[in-house]
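This is structure.txt (compact mmCIF, C-alpha atoms).
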# COMPACT_ATOMS: atom_id res chain seq x y z
CA MET A 1 -31.35 -30.36 3.53
CA THR A 2 -28.94 -33.14 4.46
CA GLU A 3 -27.82 -33.21 8.07
CA LEU A 4 -24.10 -33.30 8.69
CA ASN A 5 -22.86 -35.82 11.14
CA PRO A 6 -20.03 -34.13 13.06
CA ALA A 7 -18.27 -37.45 13.46
CA GLU A 8 -18.10 -37.84 9.66
CA PHE A 9 -17.11 -34.27 8.80
CA ASP A 10 -13.51 -34.07 7.57
CA PHE A 11 -12.44 -30.68 8.86
CA GLU A 12 -8.84 -31.12 7.66
CA ALA A 13 -9.98 -31.66 4.06
CA TRP A 14 -12.44 -28.76 4.28
CA ILE A 15 -9.87 -26.25 5.61
CA ASP A 16 -7.06 -27.44 3.32
CA ASP A 17 -7.46 -24.67 0.72
CA ALA A 18 -7.79 -21.82 3.26
CA ARG A 19 -5.16 -19.06 3.12
CA LEU A 20 -4.27 -16.17 5.37
CA PRO A 21 -5.76 -12.83 4.25
CA GLU A 22 -3.74 -10.60 1.94
CA ASP A 23 -4.18 -7.01 0.82
CA SER A 24 -2.11 -4.50 -1.05
CA GLY A 25 -0.79 -1.02 -0.42
CA THR A 26 0.60 1.41 -2.97
CA VAL A 27 3.50 3.82 -2.58
CA PHE A 28 5.40 5.95 -5.07
CA LYS A 29 9.15 5.95 -5.64
CA ARG A 30 9.09 9.48 -7.09
CA GLY A 31 7.42 11.44 -4.33
CA ASP A 32 9.92 14.18 -5.13
CA LEU A 33 7.90 15.02 -8.25
CA VAL A 34 4.83 16.12 -6.28
CA ALA A 35 6.25 19.56 -5.43
CA LYS A 36 6.90 20.40 -9.09
CA ILE A 37 3.54 18.93 -10.18
CA ASN A 38 1.71 21.08 -7.62
CA HIS A 39 3.78 24.15 -8.48
CA LEU A 40 2.90 23.76 -12.16
CA ALA A 41 -0.80 23.38 -11.25
CA ARG A 42 -0.64 26.68 -9.35
CA GLN A 43 1.12 28.38 -12.29
CA ILE A 44 -1.55 27.08 -14.67
CA ARG A 45 -4.29 28.42 -12.37
CA VAL A 46 -2.63 31.84 -12.12
CA GLU A 47 -2.14 32.08 -15.88
CA SER A 48 -5.69 30.86 -16.55
CA ASP A 49 -7.13 33.39 -14.08
CA ALA A 50 -5.08 36.15 -15.68
CA GLN A 51 -6.35 35.14 -19.10
CA ALA A 52 -9.97 34.66 -17.95
CA GLY A 53 -11.04 38.11 -19.10
CA GLU A 54 -9.66 37.55 -22.57
CA LYS A 55 -11.72 35.55 -25.06
CA THR A 56 -8.80 33.69 -26.55
CA SER A 57 -7.68 30.10 -26.50
CA ALA A 58 -5.09 28.93 -23.99
CA SER A 59 -1.82 30.80 -24.27
CA PRO A 60 1.32 29.03 -25.43
CA LEU A 61 2.63 29.36 -21.86
CA ILE A 62 -0.40 27.56 -20.38
CA THR A 63 -0.09 24.85 -23.04
CA LYS A 64 3.60 24.44 -22.22
CA LEU A 65 2.92 24.28 -18.46
CA MET A 66 0.13 21.75 -18.93
CA LYS A 67 2.33 19.53 -21.09
CA GLU A 68 5.18 19.68 -18.57
CA ARG A 69 2.78 18.82 -15.73
CA GLU A 70 1.31 15.93 -17.70
CA GLU A 71 4.79 14.46 -18.32
CA LEU A 72 5.60 14.70 -14.62
CA MET A 73 2.27 13.09 -13.72
CA LYS A 74 3.10 10.18 -16.05
CA ALA A 75 6.53 9.79 -14.44
CA PHE A 76 4.92 9.87 -10.99
CA ALA A 77 2.38 7.21 -12.03
CA ARG A 78 5.15 5.00 -13.45
CA SER A 79 6.88 5.13 -10.06
CA GLU A 80 3.96 3.38 -8.37
CA VAL A 81 4.88 0.26 -6.41
CA THR A 82 2.23 -2.05 -4.98
CA PHE A 83 3.25 -4.15 -2.00
CA TYR A 84 1.26 -7.27 -1.15
CA LEU A 85 0.94 -7.93 2.56
CA ARG A 86 -0.22 -11.11 4.26
CA ALA A 87 -1.63 -11.50 7.75
CA LEU A 88 0.72 -13.30 10.10
CA PRO A 89 -0.21 -16.29 12.24
CA GLN A 90 -0.26 -15.47 15.95
CA SER A 91 2.69 -17.81 16.52
CA LYS A 92 4.84 -15.69 14.15
CA ILE A 93 3.74 -12.46 15.82
CA LYS A 94 4.65 -13.91 19.23
CA GLU A 95 8.03 -14.99 17.88
CA LEU A 96 8.75 -11.47 16.54
CA VAL A 97 7.56 -9.81 19.75
CA ASP A 98 9.86 -12.13 21.73
CA GLN A 99 12.76 -11.22 19.42
CA HIS A 100 12.04 -7.47 19.82
CA PRO A 101 10.97 -7.04 23.45
CA LEU A 102 9.66 -3.69 24.66
CA ALA A 103 11.37 -2.80 27.93
CA ASP A 104 9.18 -0.81 30.34
CA ASP A 105 12.19 0.63 32.16
CA ALA A 106 13.88 1.86 28.98
CA SER A 107 14.20 5.55 28.25
CA ARG A 108 11.57 7.16 26.04
CA ASP A 109 14.02 7.17 23.08
CA ASP A 110 14.89 3.52 23.63
CA GLN A 111 11.21 2.56 23.82
CA LEU A 112 10.59 4.36 20.55
CA ALA A 113 13.54 2.56 18.94
CA GLN A 114 12.20 -0.77 20.22
CA ARG A 115 8.73 -0.08 18.75
CA VAL A 116 10.27 0.91 15.42
CA ALA A 117 12.32 -2.31 15.36
CA LEU A 118 9.24 -4.42 16.11
CA ASN A 119 7.15 -2.64 13.47
CA ARG A 120 9.89 -3.10 10.89
CA ALA A 121 10.13 -6.80 11.74
CA LEU A 122 6.35 -7.26 11.47
CA LEU A 123 6.23 -5.38 8.17
CA ALA A 124 9.19 -7.28 6.73
CA GLU A 125 7.51 -10.58 7.56
CA SER A 126 4.13 -9.41 6.18
CA ILE A 127 5.33 -8.21 2.76
CA VAL A 128 5.16 -11.17 0.39
CA ALA A 129 5.23 -9.62 -3.10
CA LEU A 130 5.45 -6.40 -5.08
CA GLU A 131 4.63 -5.12 -8.55
CA SER A 132 4.84 -1.91 -10.49
CA PRO A 133 3.99 -0.64 -13.98
CA THR A 134 7.45 -1.79 -15.08
CA LEU A 135 7.64 -5.01 -13.04
CA GLU A 136 5.26 -7.96 -13.00
CA LYS A 137 4.16 -9.18 -9.59
CA ARG A 138 7.07 -10.91 -7.89
CA ASP A 139 7.30 -12.74 -4.61
CA ILE A 140 9.92 -11.18 -2.37
CA LYS A 141 11.50 -11.88 0.99
CA MET A 142 11.81 -8.61 2.88
CA THR A 143 14.26 -8.07 5.69
CA ILE A 144 14.40 -5.49 8.45
CA PRO A 145 17.29 -3.62 6.73
CA LEU A 146 15.25 -3.50 3.49
CA VAL A 147 12.29 -2.02 5.38
CA ALA A 148 14.67 0.59 6.85
CA THR A 149 15.85 1.35 3.31
CA LEU A 150 12.23 1.74 2.18
CA GLU A 151 11.70 4.31 4.92
CA ALA A 152 14.92 6.15 4.10
CA LYS A 153 14.11 6.30 0.38
CA LEU A 154 10.32 6.79 0.45
CA GLY A 155 9.85 8.66 3.71
CA ALA A 156 8.05 7.90 6.95
CA ALA A 157 4.61 8.84 5.59
CA GLN A 158 4.68 6.24 2.81
CA LEU A 159 6.09 3.58 5.12
CA SER A 160 3.28 4.46 7.53
CA LYS A 161 0.78 3.66 4.76
CA LEU A 162 2.27 0.16 4.51
CA LEU A 163 2.30 -0.25 8.30
CA THR A 164 -1.37 0.76 8.42
CA LYS A 165 -2.20 -1.71 5.65
CA ARG A 166 -0.30 -4.41 7.56
CA GLN A 167 -2.36 -3.69 10.65
CA GLN A 168 -5.59 -3.78 8.62
CA VAL A 169 -4.80 -7.10 6.96
CA GLN A 170 -3.89 -8.46 10.39
CA SER A 171 -6.92 -7.26 12.32
CA GLU A 172 -9.85 -6.79 9.91
CA ALA A 173 -11.93 -9.39 8.14
CA PRO A 174 -10.96 -9.59 4.46
CA ALA A 175 -13.28 -7.71 2.14
CA PRO A 176 -12.79 -6.57 -1.45
CA ASP A 177 -13.38 -2.95 -2.41
CA ALA A 178 -17.16 -2.43 -2.18
CA ASP A 179 -17.16 -0.43 -5.41
CA PHE A 180 -16.31 -3.59 -7.33
CA LEU A 181 -18.58 -6.08 -5.58
CA PRO A 182 -21.35 -7.60 -7.70
CA ASP A 183 -24.82 -6.26 -6.99
CA ALA A 184 -27.89 -8.46 -6.59
CA SER A 185 -28.11 -8.97 -10.38
CA GLY A 186 -24.53 -10.28 -10.48
CA THR A 187 -23.05 -7.30 -12.32
CA SER A 188 -20.31 -5.11 -10.95
CA GLN A 189 -21.57 -1.88 -9.39
CA ASP A 190 -19.18 0.17 -11.50
CA SER A 191 -19.96 -1.60 -14.78
CA GLY A 192 -22.76 0.80 -15.64
CA GLN A 193 -25.12 -2.10 -16.37
Could you write out this structure as structure tokens?
Amino acid sequence: MTELNPAEFDFEAWIDDARLPEDSGTVFKRGDLVAKINHLARQIRVESDAQAGEKTSASPLITKLMKEREELMKAFARSEVTFYLRALPQSKIKELVDQHPLADDASRDDQLAQRVALNRALLAESIVALESPTLEKRDIKMTIPLVATLEAKLGAAQLSKLLTKRQQVQSEAPAPDADFLPDASGTSQDSGQ
């Protein structure tokens, strides 16, 4: 093995192709469809249970309910949006924290509002691209008002998923999904080989 001479090692050239970690989080624009999808699933179960004693094929009602549920599931799937989030350099985080200070003497409501503003700023800065089944991956520049619109349109729970993903990409070492890592033979674990 060749010894490296630290005086000759070009760290700048070596680190040149390094990039901040990125990950993705998925939300759905049509969360409103879930109630009807679940309602249809319950109706199908009830009808199937009622028909269980009979030795006949699925009733026309069950077939109709299943078809309706399938169409709604397809619409729900088409509403998927994947956001790509990038870790922020500490200098950018400090800048955003300085722009959105948390006042210790503020009322509880004001402190909450300050935390929300900081989280929105961090998320806006972290989101770098999005894609969906109907839109190829596109770089985007998010703003705090756009993040507020996301929350208003998608709900706090889905925005929370993106905030959690932002925190993960910021604080955890990057690692691809273990289910798709190559095994010792070099084949993917899910390839069935």
Could you name the residues that touch A:Arg69 at 12 Å or less, counting all atoms listed in the file, but leaving out those on the same chain fewer than 6 positions away, as a ChimeraX atom specification? /A:33-44,62-63,75-76
With C-alpha atoms retained, write the just-selected residues as a compact mmCIF listing (two decimals), in the coordinates of the input.
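Produced file part08.txt, reproduced below:
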# COMPACT_ATOMS: atom_id res chain seq x y z
CA LEU A 33 7.90 15.02 -8.25
CA VAL A 34 4.83 16.12 -6.28
CA ALA A 35 6.25 19.56 -5.43
CA LYS A 36 6.90 20.40 -9.09
CA ILE A 37 3.54 18.93 -10.18
CA ASN A 38 1.71 21.08 -7.62
CA HIS A 39 3.78 24.15 -8.48
CA LEU A 40 2.90 23.76 -12.16
CA ALA A 41 -0.80 23.38 -11.25
CA ARG A 42 -0.64 26.68 -9.35
CA GLN A 43 1.12 28.38 -12.29
CA ILE A 44 -1.55 27.08 -14.67
CA ILE A 62 -0.40 27.56 -20.38
CA THR A 63 -0.09 24.85 -23.04
CA ALA A 75 6.53 9.79 -14.44
CA PHE A 76 4.92 9.87 -10.99
Grab the atom CA of A:Leu88 to atom CA of A:Ser126 distance for me, in Å with one decimal place.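 Computing the Euclidean distance for atom CA of A:Leu88 and atom CA of A:Ser126 yields 6.5 Å.
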Top pick for closest residue to A:Lys74, considering A:Arg30, A:Val97, A:Asp183, A:Ser57 and counting only C-alpha atoms: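 Under the stated criterion, the closest residue is A:Arg30.
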Calculate how many Å separate atom CA of A:Phe28 from atom CA of A:Leu154, rounding to one decimal. 7.4 Å
Give me, please, the distance in Å between atom CA of A:Thr149 and atom CA of A:Pro21, quoted to one decimal.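 Calculated distance between atom CA of A:Thr149 and atom CA of A:Pro21 is 25.9 Å.
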Give the answer as one residue: which of A:Gly31, A:Phe9, A:Leu72, A:Glu3 has the shortest atom-to-atom distance to A:Lys153, using all atoms listed in the file? A:Gly31
Give, as AutoDock Vina command-line options, the centre coordinates and the x, y and z edge lengths in Å to one decimal for an axis-aligned box around all listed atoms of stretch 28-44 of chain A, padded by 5 Å on each side.
--center_x 4.2 --center_y 17.2 --center_z -9.5 --size_x 21.5 --size_y 32.4 --size_z 20.3
Given all atoms listed in the file as the counted atoms, nearest of A:Gly155, A:Pro101, A:Gly25, A:Pro6 to A:Gln167: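 Result for the nearest residue to A:Gln167: A:Gly25.
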